[in-house]
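Peer 1: So I've got this file, protein05.txt, and it contains compact mmCIF, C-alpha atoms:
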# COMPACT_ATOMS: atom_id res chain seq x y z
CA MET A 1 0.00 0.00 0.00
CA SER A 2 1.08 3.51 -0.68
CA GLU A 3 0.48 7.03 0.45
CA VAL A 4 -3.03 8.21 0.85
CA THR A 5 -6.25 8.57 3.56
CA LYS A 6 -6.90 11.69 5.19
CA ILE A 7 -9.69 13.35 3.50
CA ILE A 8 -9.72 16.69 5.23
CA SER A 9 -6.46 17.06 6.96
CA GLY A 10 -5.70 20.09 4.92
CA PRO A 11 -7.80 22.13 2.54
CA MET A 12 -10.88 24.01 3.51
CA VAL A 13 -12.91 24.52 0.39
CA SER A 14 -15.74 26.80 -0.65
CA VAL A 15 -19.15 25.45 -1.49
CA PRO A 16 -21.48 27.20 -3.94
CA GLU A 17 -24.72 28.04 -2.20
CA ARG A 18 -27.74 27.98 -4.49
CA GLY A 19 -25.41 27.79 -7.48
CA ARG A 20 -23.30 30.84 -6.55
CA PRO A 21 -19.68 30.78 -5.41
CA THR A 22 -19.00 31.84 -1.84
CA ILE A 23 -15.90 33.25 -0.19
CA ASN A 24 -13.19 30.65 0.39
CA THR A 25 -10.78 30.57 3.31
CA VAL A 26 -7.33 31.79 2.29
CA ILE A 27 -4.31 30.13 3.91
CA ASP A 28 -2.92 33.12 5.74
CA PRO A 29 -1.09 33.13 9.12
CA ASN A 30 -2.78 36.48 9.82
CA ASN A 31 -6.15 34.72 9.82
CA ASP A 32 -5.73 33.07 13.21
CA MET A 33 -8.83 30.88 13.28
CA SER A 34 -8.74 29.38 9.78
CA TYR A 35 -4.95 29.11 9.64
CA THR A 36 -4.80 27.34 13.00
CA MET A 37 -7.50 24.91 11.88
CA TRP A 38 -5.57 24.23 8.67
CA ARG A 39 -2.21 23.80 10.41
CA ASP A 40 -3.34 21.89 13.51
CA ILE A 41 -6.33 19.80 12.52
CA PRO A 42 -8.97 20.25 15.25
CA VAL A 43 -10.92 17.19 14.15
CA PRO A 44 -10.07 13.90 15.92
CA PHE A 45 -9.47 11.35 13.16
CA PHE A 46 -10.02 7.62 13.50
CA MET A 47 -9.29 4.72 11.18
CA SER A 48 -11.61 1.75 11.60
CA VAL A 49 -10.41 -1.45 9.92
CA TYR A 50 -12.59 -4.46 9.08
CA PHE A 51 -11.14 -7.81 7.98
CA PHE A 52 -12.90 -10.34 5.79
CA ASN A 53 -12.04 -13.55 7.62
CA ILE A 54 -12.15 -16.56 5.24
CA LEU A 55 -14.27 -19.34 6.71
CA ASN A 56 -13.60 -22.04 4.07
CA PRO A 57 -9.99 -21.75 2.86
CA GLN A 58 -9.67 -25.45 2.01
CA GLU A 59 -12.91 -25.48 0.03
CA LEU A 60 -11.81 -22.34 -1.78
CA LEU A 61 -8.71 -24.22 -3.00
CA LYS A 62 -11.06 -26.79 -4.50
CA GLY A 63 -12.85 -24.17 -6.59
CA GLU A 64 -15.78 -23.41 -4.30
CA LYS A 65 -17.08 -19.92 -3.59
CA PRO A 66 -15.25 -18.12 -0.79
CA MET A 67 -17.26 -17.60 2.37
CA VAL A 68 -16.27 -14.67 4.57
CA GLU A 69 -17.29 -13.05 7.83
CA GLN A 70 -16.58 -9.45 8.69
CA ARG A 71 -14.37 -8.97 11.76
CA GLY A 72 -13.95 -5.63 13.44
CA PRO A 73 -13.86 -2.73 13.69
CA TYR A 74 -10.30 -2.39 14.93
CA VAL A 75 -10.09 1.33 15.63
CA TYR A 76 -6.98 3.50 15.58
CA ARG A 77 -6.70 7.14 16.52
CA LYS A 78 -4.82 9.02 13.83
CA ARG A 79 -2.56 11.90 14.79
CA CYS A 80 -1.52 14.33 12.05
CA GLN A 81 0.93 17.18 12.26
CA LYS A 82 2.04 19.60 9.56
CA ASP A 83 5.72 20.45 9.54
CA ASN A 84 8.19 22.37 7.36
CA ILE A 85 5.46 24.86 6.41
CA THR A 86 7.01 27.19 3.85
CA PHE A 87 5.26 30.04 2.03
CA HIS A 88 6.48 30.93 -1.49
CA ALA A 89 6.39 34.13 -3.55
CA ASN A 90 3.99 32.59 -6.12
CA ASP A 91 1.17 32.34 -3.53
CA THR A 92 1.78 28.69 -2.70
CA VAL A 93 2.70 26.95 0.53
CA SER A 94 4.61 23.68 0.96
CA TYR A 95 4.40 21.31 3.90
CA LEU A 96 5.03 17.79 5.13
CA GLU A 97 2.35 16.08 7.15
CA TYR A 98 3.35 13.36 9.57
CA ARG A 99 0.95 10.69 10.75
CA SER A 100 0.90 8.09 13.48
CA TYR A 101 -1.69 5.56 14.65
CA PHE A 102 -2.66 4.45 18.15
CA PHE A 103 -4.93 1.48 18.84
CA GLU A 104 -8.14 2.33 20.74
CA PRO A 105 -9.33 -0.84 22.55
CA SER A 106 -12.43 0.87 24.00
CA MET A 107 -13.71 1.71 20.51
CA SER A 108 -12.82 -1.64 18.93
CA ALA A 109 -14.77 -4.89 18.64
CA GLY A 110 -11.70 -6.98 19.43
CA ASN A 111 -7.99 -6.82 20.10
CA GLU A 112 -4.95 -6.71 17.84
CA SER A 113 -4.23 -10.25 19.03
CA ASP A 114 -7.34 -11.55 17.24
CA VAL A 115 -6.43 -14.09 14.53
CA VAL A 116 -7.95 -13.88 11.03
CA THR A 117 -7.39 -15.63 7.71
CA ILE A 118 -6.98 -13.60 4.50
CA PRO A 119 -5.41 -14.23 1.07
CA ASN A 120 -1.61 -14.16 0.96
CA MET A 121 -0.88 -11.26 -1.39
CA LEU A 122 2.75 -12.36 -1.76
CA VAL A 123 1.68 -15.71 -3.20
CA LEU A 124 -1.63 -15.16 -4.97
CA GLY A 125 -0.66 -11.71 -6.23
CA ALA A 126 2.68 -12.97 -7.56
CA ALA A 127 0.91 -15.89 -9.24
CA ILE A 128 -1.18 -13.50 -11.37
CA MET A 129 1.89 -11.38 -12.12
CA MET A 130 3.78 -14.49 -13.31
CA GLU A 131 0.87 -15.89 -15.34
CA ASN A 132 2.41 -14.99 -18.72
CA GLN A 133 5.95 -16.03 -17.81
CA PRO A 134 7.43 -19.28 -19.18
CA TYR A 135 6.20 -22.42 -17.47
CA LEU A 136 9.65 -23.15 -16.05
CA VAL A 137 9.72 -19.74 -14.37
CA ARG A 138 6.36 -20.42 -12.78
CA LEU A 139 7.64 -23.74 -11.45
CA MET A 140 10.63 -21.97 -9.93
CA ILE A 141 8.35 -19.39 -8.31
CA SER A 142 6.24 -22.18 -6.84
CA ALA A 143 9.36 -23.92 -5.54
CA THR A 144 10.44 -20.66 -3.90
CA PHE A 145 7.11 -20.41 -2.10
CA LYS A 146 7.52 -23.95 -0.81
CA LYS A 147 11.08 -23.28 0.32
CA PHE A 148 9.92 -20.39 2.49
CA LYS A 149 6.73 -22.18 3.56
CA GLU A 150 4.42 -19.57 2.05
CA GLY A 151 0.89 -20.80 1.35
CA PRO A 152 -2.07 -19.21 -0.44
CA PHE A 153 -3.58 -17.89 2.81
CA LEU A 154 -2.32 -16.07 5.88
CA THR A 155 -3.61 -16.84 9.35
CA LYS A 156 -2.14 -14.20 11.60
CA SER A 157 -3.06 -11.67 14.24
CA VAL A 158 -4.65 -8.35 13.33
CA GLY A 159 -1.60 -6.49 14.64
CA GLU A 160 0.76 -8.52 12.43
CA LEU A 161 -1.36 -8.06 9.32
CA MET A 162 -1.70 -4.34 9.99
CA TRP A 163 1.81 -3.30 10.98
CA GLY A 164 3.98 -6.11 9.69
CA TYR A 165 5.29 -9.58 10.43
CA ASP A 166 8.64 -11.25 9.84
CA SER A 167 8.81 -13.18 6.58
CA GLU A 168 11.83 -15.04 5.24
CA LEU A 169 10.40 -14.64 1.73
CA VAL A 170 10.22 -10.86 2.12
CA GLU A 171 13.77 -10.80 3.46
CA PHE A 172 14.93 -12.93 0.51
CA LEU A 173 13.21 -10.73 -2.09
CA ASN A 174 14.53 -7.53 -0.55
CA SER A 175 18.05 -8.95 -0.53
CA TYR A 176 18.15 -10.23 -4.11
CA PHE A 177 15.47 -8.08 -5.77
CA PRO A 178 15.63 -4.65 -4.05
CA GLY A 179 12.68 -2.42 -4.85
CA MET A 180 10.41 -5.30 -5.82
CA LEU A 181 8.32 -4.86 -2.66
CA PRO A 182 7.03 -1.54 -1.28
CA SER A 183 8.43 -2.28 2.19
CA THR A 184 11.99 -3.05 3.20
CA GLY A 185 11.26 -4.34 6.69
CA LYS A 186 8.30 -6.32 7.90
CA PHE A 187 5.46 -6.98 5.49
CA GLY A 188 2.09 -5.55 6.56
CA LEU A 189 -0.91 -3.91 4.94
CA PHE A 190 -0.30 -0.58 6.71
CA ALA A 191 3.37 -0.98 7.60
CA GLU A 192 4.39 2.07 5.57
CA PHE A 193 1.91 4.43 7.17
CA ASN A 194 2.76 4.57 10.85
CA ASN A 195 5.22 7.31 11.84
CA SER A 196 5.64 8.50 8.27
CA ASN A 197 4.74 11.52 6.17
CA THR A 198 2.54 11.84 3.11
CA GLY A 199 5.16 13.52 0.95
CA LEU A 200 5.83 17.18 0.20
CA PHE A 201 2.68 18.97 -0.90
CA THR A 202 2.65 22.40 -2.47
CA ILE A 203 -0.78 24.01 -2.66
CA PHE A 204 -2.08 27.45 -3.59
CA THR A 205 -2.98 29.76 -0.71
CA GLY A 206 -5.62 31.67 -2.68
CA GLN A 207 -4.02 34.95 -1.61
CA ASN A 208 -4.41 36.76 -4.95
CA ASP A 209 -6.77 34.36 -6.71
CA ILE A 210 -9.44 32.86 -4.50
CA ARG A 211 -10.34 30.36 -7.23
CA LYS A 212 -7.00 28.62 -6.69
CA ALA A 213 -7.27 28.32 -2.92
CA HIS A 214 -6.13 24.86 -1.75
CA LYS A 215 -5.56 23.56 -5.26
CA VAL A 216 -2.61 21.18 -5.40
CA ASP A 217 0.30 22.64 -7.35
CA SER A 218 2.67 19.69 -6.92
CA TRP A 219 3.39 16.61 -4.84
CA ASN A 220 7.01 15.68 -4.21
CA GLY A 221 7.86 18.04 -7.06
CA LEU A 222 5.49 16.27 -9.49
CA THR A 223 2.64 18.12 -11.18
CA GLU A 224 1.01 14.93 -12.45
CA VAL A 225 0.28 11.44 -11.16
CA ARG A 226 2.82 9.05 -12.65
CA CYS A 227 0.83 5.91 -11.95
CA ASP A 228 -2.16 6.85 -14.10
CA HIS A 229 -2.43 5.39 -17.58
CA ARG A 230 -3.17 8.49 -19.60
CA PRO A 231 -2.16 12.15 -19.22
CA TYR A 232 -5.80 13.24 -19.16
CA PHE A 233 -6.08 11.95 -15.61
CA ASN A 234 -2.70 13.01 -14.37
CA HIS A 235 -2.71 16.70 -13.63
CA PHE A 236 -3.03 17.80 -10.00
CA ARG A 237 -3.64 21.44 -10.80
CA ASP A 238 -7.23 21.01 -11.97
CA LYS A 239 -8.14 19.25 -8.74
CA GLY A 240 -8.88 20.22 -5.17
CA GLN A 241 -11.77 22.65 -5.34
CA ILE A 242 -15.50 23.05 -5.53
CA LEU A 243 -16.54 23.91 -9.05
CA ASN A 244 -18.19 27.34 -9.11
CA ASN A 245 -20.76 26.33 -11.70
CA GLY A 246 -22.34 23.50 -9.75
CA MET A 247 -22.42 21.30 -6.69
CA VAL A 248 -19.29 19.24 -7.29
CA LEU A 249 -16.43 18.71 -4.86
CA SER A 250 -13.07 17.57 -6.27
CA LEU A 251 -10.47 16.30 -3.84
CA PRO A 252 -7.00 15.05 -4.76
CA LEU A 253 -6.91 11.76 -2.91
CA HIS A 254 -3.17 11.54 -3.16
CA SER A 255 -3.29 14.06 -0.34
CA ARG A 256 -6.27 12.54 1.38
CA VAL A 257 -6.44 8.76 1.64
CA ASP A 258 -3.91 6.31 3.12
CA ILE A 259 -4.06 3.87 0.27
CA CYS A 260 -3.05 5.11 -3.15
CA ILE A 261 -6.01 4.91 -5.48
CA CYS A 262 -4.05 6.46 -8.35
CA ARG A 263 -6.43 9.30 -9.02
CA SER A 264 -8.37 12.26 -7.71
CA MET A 265 -11.87 11.71 -6.44
CA GLU A 266 -14.88 13.81 -7.36
CA LEU A 267 -17.80 14.00 -4.97
CA VAL A 268 -21.25 15.32 -5.87
CA TYR A 269 -23.73 17.33 -3.83
CA GLN A 270 -26.48 15.18 -2.30
CA ARG A 271 -28.48 17.29 0.16
CA PRO A 272 -28.41 20.03 2.81
CA GLY A 273 -28.47 19.13 6.47
CA VAL A 274 -27.82 20.28 10.03
CA MET A 275 -25.23 19.01 12.53
CA LYS A 276 -25.83 20.15 16.11
CA GLY A 277 -27.33 23.40 14.93
CA ILE A 278 -24.74 24.03 12.20
CA PRO A 279 -25.95 24.00 8.56
CA LEU A 280 -24.07 21.72 6.17
CA TYR A 281 -23.97 20.40 2.64
CA ARG A 282 -23.41 16.67 2.18
CA PHE A 283 -21.24 15.43 -0.70
CA VAL A 284 -21.14 11.76 -1.70
CA ALA A 285 -19.41 9.61 -4.28
CA PRO A 286 -21.22 9.36 -7.64
CA LYS A 287 -22.02 5.91 -8.97
CA THR A 288 -19.55 6.56 -11.78
CA LEU A 289 -16.58 6.90 -9.38
CA PHE A 290 -15.44 3.29 -9.79
CA ALA A 291 -17.37 2.49 -12.97
CA ASN A 292 -15.42 0.74 -15.71
CA GLY A 293 -14.59 2.28 -19.08
CA THR A 294 -17.58 0.63 -20.75
CA ASP A 295 -20.13 2.12 -18.38
CA TYR A 296 -18.33 5.47 -18.01
CA ALA A 297 -15.95 6.43 -20.81
CA PRO A 298 -13.80 8.92 -18.81
CA ASN A 299 -12.64 6.02 -16.63
CA GLU A 300 -11.02 4.21 -19.54
CA GLY A 301 -7.72 5.65 -18.40
CA PHE A 302 -7.79 3.36 -15.36
CA CYS A 303 -8.19 0.16 -17.34
CA PRO A 304 -7.63 -2.72 -17.98
CA CYS A 305 -10.95 -2.86 -16.19
CA ARG A 306 -13.13 -5.55 -14.75
CA GLN A 307 -16.70 -5.15 -13.58
CA SER A 308 -18.02 -1.71 -12.68
CA GLY A 309 -17.37 -0.88 -9.07
CA LEU A 310 -13.68 -1.83 -9.19
CA LEU A 311 -10.79 0.57 -9.68
CA ASN A 312 -7.63 -1.04 -11.04
CA VAL A 313 -4.68 0.27 -8.97
CA SER A 314 -2.13 -2.32 -10.12
CA SER A 315 -0.11 0.32 -11.98
CA CYS A 316 0.79 2.04 -8.72
CA ARG A 317 0.92 -1.12 -6.61
CA HIS A 318 3.98 -2.73 -8.23
CA ASN A 319 1.65 -4.38 -10.81
CA SER A 320 0.03 -6.47 -8.10
CA PRO A 321 -3.58 -7.40 -9.11
CA VAL A 322 -5.17 -5.07 -6.56
CA PHE A 323 -8.53 -3.34 -6.94
CA ILE A 324 -10.25 -0.67 -4.85
CA SER A 325 -14.01 -0.55 -4.36
CA HIS A 326 -16.64 0.61 -1.93
CA PRO A 327 -17.02 -1.74 1.06
CA HIS A 328 -19.01 -4.91 0.42
CA PHE A 329 -19.05 -3.94 -3.28
CA TYR A 330 -21.61 -1.22 -2.63
CA ASN A 331 -22.64 0.47 -5.92
CA ALA A 332 -20.79 -2.25 -7.87
CA ASP A 333 -21.87 -4.76 -10.50
CA PRO A 334 -24.12 -7.32 -8.68
CA VAL A 335 -22.10 -10.16 -10.19
CA LEU A 336 -19.27 -9.36 -7.75
CA LEU A 337 -21.59 -10.24 -4.85
CA ASP A 338 -22.36 -13.59 -6.48
CA TYR A 339 -18.68 -14.54 -6.34
CA VAL A 340 -18.37 -14.17 -2.55
CA GLN A 341 -20.70 -15.29 0.23
CA GLY A 342 -21.12 -13.14 3.34
CA LEU A 343 -21.38 -9.63 1.89
CA SER A 344 -24.28 -7.25 2.50
CA PRO A 345 -23.81 -3.72 1.07
CA ASN A 346 -25.88 -0.70 2.11
CA GLU A 347 -25.41 3.06 1.84
CA ASP A 348 -25.53 3.88 5.56
CA GLU A 349 -22.66 1.58 6.46
CA HIS A 350 -20.64 1.51 3.23
CA GLY A 351 -21.18 4.81 1.39
CA LEU A 352 -18.66 7.62 1.79
CA PHE A 353 -19.52 11.26 2.44
CA ILE A 354 -18.21 14.66 3.50
CA ASP A 355 -20.32 17.26 5.32
CA ILE A 356 -19.13 20.83 4.70
CA HIS A 357 -20.17 24.16 6.19
CA PRO A 358 -21.60 26.14 3.23
CA GLN A 359 -20.17 29.56 4.03
CA THR A 360 -16.61 28.68 5.08
CA GLY A 361 -16.01 25.31 3.43
CA VAL A 362 -14.84 23.86 6.77
CA PRO A 363 -15.43 20.06 6.89
CA LEU A 364 -17.72 19.19 9.80
CA ASN A 365 -18.07 15.43 9.45
CA VAL A 366 -16.16 13.04 7.21
CA SER A 367 -16.40 9.32 6.52
CA ILE A 368 -14.23 7.88 3.75
CA ARG A 369 -14.75 4.15 3.23
CA LEU A 370 -12.74 2.02 0.83
CA GLN A 371 -12.17 -1.69 0.32
CA LEU A 372 -9.01 -3.50 -0.77
CA ASN A 373 -9.56 -6.49 -3.07
CA LEU A 374 -7.20 -9.06 -4.59
CA TYR A 375 -7.86 -10.62 -7.98
CA MET A 376 -6.93 -14.29 -7.83
CA LYS A 377 -7.34 -17.48 -9.83
CA LYS A 378 -5.62 -20.74 -10.67
CA VAL A 379 -2.27 -20.31 -12.47
CA SER A 380 -0.76 -23.44 -13.97
CA GLY A 381 2.68 -24.28 -12.68
CA ILE A 382 2.08 -22.50 -9.35
CA THR A 383 0.59 -25.28 -7.28
CA GLU A 384 -0.25 -22.95 -4.38
CA THR A 385 -3.16 -21.63 -6.44
CA SER A 386 -4.56 -25.17 -6.66
CA LYS A 387 -8.07 -25.00 -8.24
CA ILE A 388 -9.02 -21.51 -7.06
CA SER A 389 -11.83 -20.08 -9.16
CA GLU A 390 -11.42 -16.66 -10.76
CA VAL A 391 -12.63 -14.17 -8.15
CA VAL A 392 -12.10 -10.62 -6.93
CA MET A 393 -11.57 -11.35 -3.26
CA PRO A 394 -12.29 -8.72 -0.60
CA MET A 395 -9.52 -8.60 2.02
CA ILE A 396 -10.21 -5.60 4.24
CA TRP A 397 -12.17 -2.40 4.21
CA PHE A 398 -11.41 0.66 6.24
CA GLU A 399 -13.08 3.89 7.22
CA GLU A 400 -11.28 7.13 7.97
CA SER A 401 -13.62 9.38 9.91
CA GLY A 402 -13.54 12.62 11.80
CA TYR A 403 -15.96 15.22 13.03
CA ILE A 404 -15.85 18.51 14.89
CA ASP A 405 -16.86 18.12 18.52
CA GLY A 406 -16.23 19.44 22.01
CA PRO A 407 -14.76 22.93 22.53
CA ILE A 408 -13.94 23.27 18.82
CA LEU A 409 -17.58 22.64 17.94
CA THR A 410 -18.69 25.19 20.56
CA THR A 411 -16.27 27.80 19.20
CA PHE A 412 -17.30 27.03 15.63
CA HIS A 413 -21.01 27.24 16.50
CA THR A 414 -20.50 30.51 18.37
CA ASN A 415 -18.41 32.23 15.69
CA LEU A 416 -20.18 30.96 12.59
CA VAL A 417 -23.78 30.44 13.69
CA ILE A 418 -24.66 32.43 16.80
CA LEU A 419 -22.64 35.59 16.16
CA PRO A 420 -23.76 35.92 12.49
CA ALA A 421 -27.36 35.39 13.62
CA VAL A 422 -26.98 38.01 16.38
CA MET A 423 -25.39 40.41 13.90
CA GLU A 424 -28.24 39.84 11.48
CA TYR A 425 -30.87 40.45 14.16
CA MET A 426 -28.97 43.50 15.36
CA GLN A 427 -28.92 44.76 11.78
CA TYR A 428 -32.68 44.44 11.57
CA GLY A 429 -32.96 45.97 15.04
CA PHE A 430 -30.91 48.99 14.02
CA ILE A 431 -32.98 49.36 10.85
CA ALA A 432 -36.17 49.25 12.91
CA LEU A 433 -34.71 51.68 15.43
CA GLY A 434 -33.69 54.00 12.59
CA LEU A 435 -37.17 53.87 11.09
CA LEU A 436 -38.72 54.51 14.50
CA THR A 437 -36.42 57.47 15.05
CA ILE A 438 -37.41 58.91 11.67
CA ILE A 439 -41.10 58.45 12.45
CA ILE A 440 -40.75 60.08 15.87
CA ALA A 441 -38.78 62.97 14.37
CA PHE A 442 -41.45 63.38 11.71
CA LEU A 443 -44.24 63.40 14.31
CA VAL A 444 -42.35 65.89 16.51
CA HIS A 445 -41.72 68.10 13.55
CA HIS A 446 -45.35 67.85 12.44
CA ARG A 447 -46.61 68.73 15.96
CA ALA A 448 -44.20 71.63 16.21
CA ARG A 449 -45.62 73.08 12.96
Using structure tokens, write down the structure that the file contains.

Peer 2:
Amino acid sequence: MSEVTKIISGPMVSVPERGRPTINTVIDPNNDMSYTMWRDIPVPFFMSVYFFNILNPQELLKGEKPMVEQRGPYVYRKRCQKDNITFHANDTVSYLEYRSYFFEPSMSAGNESDVVTIPNMLVLGAAIMMENQPYLVRLMISATFKKFKEGPFLTKSVGELMWGYDSELVEFLNSYFPGMLPSTGKFGLFAEFNNSNTGLFTIFTGQNDIRKAHKVDSWNGLTEVRCDHRPYFNHFRDKGQILNNGMVLSLPLHSRVDICICRSMELVYQRPGVMKGIPLYRFVAPKTLFANGTDYAPNEGFCPCRQSGLLNVSSCRHNSPVFISHPHFYNADPVLLDYVQGLSPNEDEHGLFIDIHPQTGVPLNVSIRLQLNLYMKKVSGITETSKISEVVMPMIWFEESGYIDGPILTTFHTNLVILPAVMEYMQYGFIALGLLTIIIAFLVHHRAR
């Protein structure tokens, strides 16, 4: 896995109200409230991880449908801190953002010592990658798996799968094939994330052009995403803002989500709402977000595709056959549900959303939910794949969530709801008082005459 989850750790964005653009929040140290909220995120962020525990691994090797049960959530508090903040003469600001995770037992439905069974990405992923290699090469790969006692499935603790476990195969590959794997130490699904940064971001402050506020100028010096297939999808600079001509929110997920999905994500306006007295606009993912190129032509750049509902991220995952989707294949082709038993998608639990304050663009409540899937099937010559049927296998899904609460919510409500309302009422009061004064003066003047 690569860089990515954190959907609102940085930019505040403007939201058009009734089709009209509103004032955005400029990144300016002189603006104490907004700058402090941008620099030191006031929202407590949590990452909730759910594993799809395989109930019938032996039957799966015989070609039967996989049967899974959801285990979790295993909840981690996420701490983010911006560092090396540097303002530039061209109205941009650069920064590094460091992240660390801390397990929260009281919020979890189990412990990190819980044992689950999931597909072994090192074996089943490599099998697909070697499918077109000569038969002798595939036999050698299979022999290597046997030498290091690597099977098609992993049965390990949640903590090991999350943050890494010792593997002789990983050590061997890193010694003789450096750079082949994303990690150089222990192998784990989130091993790269803890105590690391998300890369150097340079974004526009909006100082002299409010339309550019919080747009991404570059990431690690790059102005385009190298792992995308076609240049049309690559440029950062058209991303990261609310479009002024409609209710559409574009967010560059390379700066927002802790698993690289190789693209920016566009959210669409769904409805207005209220959170503890604060008005909001809710943005959700359109059904076309993970549609394949056949159902939605603009997504052809992320092919080769499979069924709609799956985003191919193999190009930025070392060519491993990995796909991203909504949890439980929500909003995906129904055929994906037929391949796996134990899934039950619904919008409330598996849809993603962002609630934003209309006037300031400050995110109030965020829930980003994504699922990691592994494409697997039988590959001749690699006996570990046995008779596995062709299937897109869900491994885990995770939710990154955060919402304004406590003293921050009170301050926000006071400054952006109560005070504006008081000012508005005072405005009307002064108008009424002015009219009354005029009337009284007129009556006095009339009586005097």

Peer 1: Nearest to Phe412 (chain A) among A:Met275, A:Val216, A:Leu61, A:Leu370, with distances taken over all atoms listed in the file: which residue is it?

Peer 2: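 Smallest distance to Phe412 (chain A) is found for A:Met275.
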
Peer 1: Excluding region 87-104 of chain A and its own-chain neighbours fewer than 5 positions away, which residues fall within 6 Å of it when counting all atoms listed in the file? Please give them as a PyMOL selection string.

Peer 2: chain A and resi 75-82+194-205

Peer 1: Could the residues in this selection be written to a file with C-alpha atoms, as a PDB file, in the frame of the given file?

Peer 2:
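That gives us again_10.pdb:
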ATOM      1  CA  VAL A  75     -10.090   1.330  15.630  1.00  0.00           C
ATOM      2  CA  TYR A  76      -6.980   3.500  15.580  1.00  0.00           C
ATOM      3  CA  ARG A  77      -6.700   7.140  16.520  1.00  0.00           C
ATOM      4  CA  LYS A  78      -4.820   9.020  13.830  1.00  0.00           C
ATOM      5  CA  ARG A  79      -2.560  11.900  14.790  1.00  0.00           C
ATOM      6  CA  CYS A  80      -1.520  14.330  12.050  1.00  0.00           C
ATOM      7  CA  GLN A  81       0.930  17.180  12.260  1.00  0.00           C
ATOM      8  CA  LYS A  82       2.040  19.600   9.560  1.00  0.00           C
ATOM      9  CA  ASN A 194       2.760   4.570  10.850  1.00  0.00           C
ATOM     10  CA  ASN A 195       5.220   7.310  11.840  1.00  0.00           C
ATOM     11  CA  SER A 196       5.640   8.500   8.270  1.00  0.00           C
ATOM     12  CA  ASN A 197       4.740  11.520   6.170  1.00  0.00           C
ATOM     13  CA  THR A 198       2.540  11.840   3.110  1.00  0.00           C
ATOM     14  CA  GLY A 199       5.160  13.520   0.950  1.00  0.00           C
ATOM     15  CA  LEU A 200       5.830  17.180   0.200  1.00  0.00           C
ATOM     16  CA  PHE A 201       2.680  18.970  -0.900  1.00  0.00           C
ATOM     17  CA  THR A 202       2.650  22.400  -2.470  1.00  0.00           C
ATOM     18  CA  ILE A 203      -0.780  24.010  -2.660  1.00  0.00           C
ATOM     19  CA  PHE A 204      -2.080  27.450  -3.590  1.00  0.00           C
ATOM     20  CA  THR A 205      -2.980  29.760  -0.710  1.00  0.00           C
TER      21      THR A 205
END

Peer 1: Name all residues at most 8 Å from region 394-409 of chain A (count all atoms listed in the file; drop same-chain ones fewer than 2 positions away) and give them as an NGL selection string.

Peer 2: :A and (5-7 or 42-53 or 118-119 or 327-328 or 363-374 or 392 or 411-413)

Peer 1: For Met376 (chain A), work out the shell of residues within 7 Å, counting all atoms listed in the file and skipping chain neighbours fewer than 5 positions away, then give it as a ChimeraX atom specification.

Peer 2: /A:124-125,128,390-392

Peer 1: CA of Gln341 (chain A) and CA of Glu69 (chain A), how far apart in Å?

Peer 2: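 Going from CA of Glu69 (chain A) over to CA of Gln341 (chain A) covers 8.6 Å.
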
Peer 1: If we count all atoms listed in the file and set the cut-off at 6 Å, which residues sit around Gly164 (chain A), ignoring sequence neighbours fewer than 3 positions away in its own chain? Please answer as a PyMOL selection string.

Peer 2: chain A and resi 160-161+186-188+191

Peer 1: Any chance you could work out the axis-aligned box around region 78-90 of chain A, listed atoms only, 4 Å on each side, giving centre and edge lengths in Å to one decimal, as lines of an AutoDock Vina configuration file?

Peer 2:
center_x = 1.7
center_y = 21.6
center_z = 4.3
size_x = 21.0
size_y = 33.1
size_z = 28.9

Peer 1: Given all atoms listed in the file as the basis, pick out the residue of A:Met393, A:Leu55, A:Val268, A:Ile85 nearest to Asn120 (chain A).

Peer 2: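 Ranked by minimum distance to Asn120 (chain A), first place goes to A:Met393.
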
Peer 1: Which residues, written as a PyMOL selection string, have at least one atom at most 7 Å from Val284 (chain A), with all atoms listed in the file counted and residues fewer than 3 positions away on the same chain left out?

Peer 2: chain A and resi 267-270+352-354

Peer 1: In Å to one decimal, how far is CA of Asp338 (chain A) from CA of Ala297 (chain A)?

Peer 2: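 Taking CA of Ala297 (chain A) as the start and CA of Asp338 (chain A) as the end point, the length is 25.4 Å.
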
Peer 1: Please check which residues have atoms at most 12 Å from (-3.3, -17.8, -11.5) in the file's coordinates, counting all atoms listed in the file, and write them as a compact mmCIF listing (two decimals) with C-alpha atoms, keeping the file's coordinate frame.

Peer 2:
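Just written: selection_11.txt:
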# COMPACT_ATOMS: atom_id res chain seq x y z
CA LEU A 61 -8.71 -24.22 -3.00
CA VAL A 123 1.68 -15.71 -3.20
CA LEU A 124 -1.63 -15.16 -4.97
CA GLY A 125 -0.66 -11.71 -6.23
CA ALA A 126 2.68 -12.97 -7.56
CA ALA A 127 0.91 -15.89 -9.24
CA ILE A 128 -1.18 -13.50 -11.37
CA MET A 129 1.89 -11.38 -12.12
CA MET A 130 3.78 -14.49 -13.31
CA GLU A 131 0.87 -15.89 -15.34
CA ASN A 132 2.41 -14.99 -18.72
CA GLN A 133 5.95 -16.03 -17.81
CA ARG A 138 6.36 -20.42 -12.78
CA SER A 142 6.24 -22.18 -6.84
CA PRO A 152 -2.07 -19.21 -0.44
CA PRO A 321 -3.58 -7.40 -9.11
CA LEU A 374 -7.20 -9.06 -4.59
CA TYR A 375 -7.86 -10.62 -7.98
CA MET A 376 -6.93 -14.29 -7.83
CA LYS A 377 -7.34 -17.48 -9.83
CA LYS A 378 -5.62 -20.74 -10.67
CA VAL A 379 -2.27 -20.31 -12.47
CA SER A 380 -0.76 -23.44 -13.97
CA GLY A 381 2.68 -24.28 -12.68
CA ILE A 382 2.08 -22.50 -9.35
CA THR A 383 0.59 -25.28 -7.28
CA GLU A 384 -0.25 -22.95 -4.38
CA THR A 385 -3.16 -21.63 -6.44
CA SER A 386 -4.56 -25.17 -6.66
CA LYS A 387 -8.07 -25.00 -8.24
CA ILE A 388 -9.02 -21.51 -7.06
CA SER A 389 -11.83 -20.08 -9.16
CA GLU A 390 -11.42 -16.66 -10.76
CA VAL A 391 -12.63 -14.17 -8.15
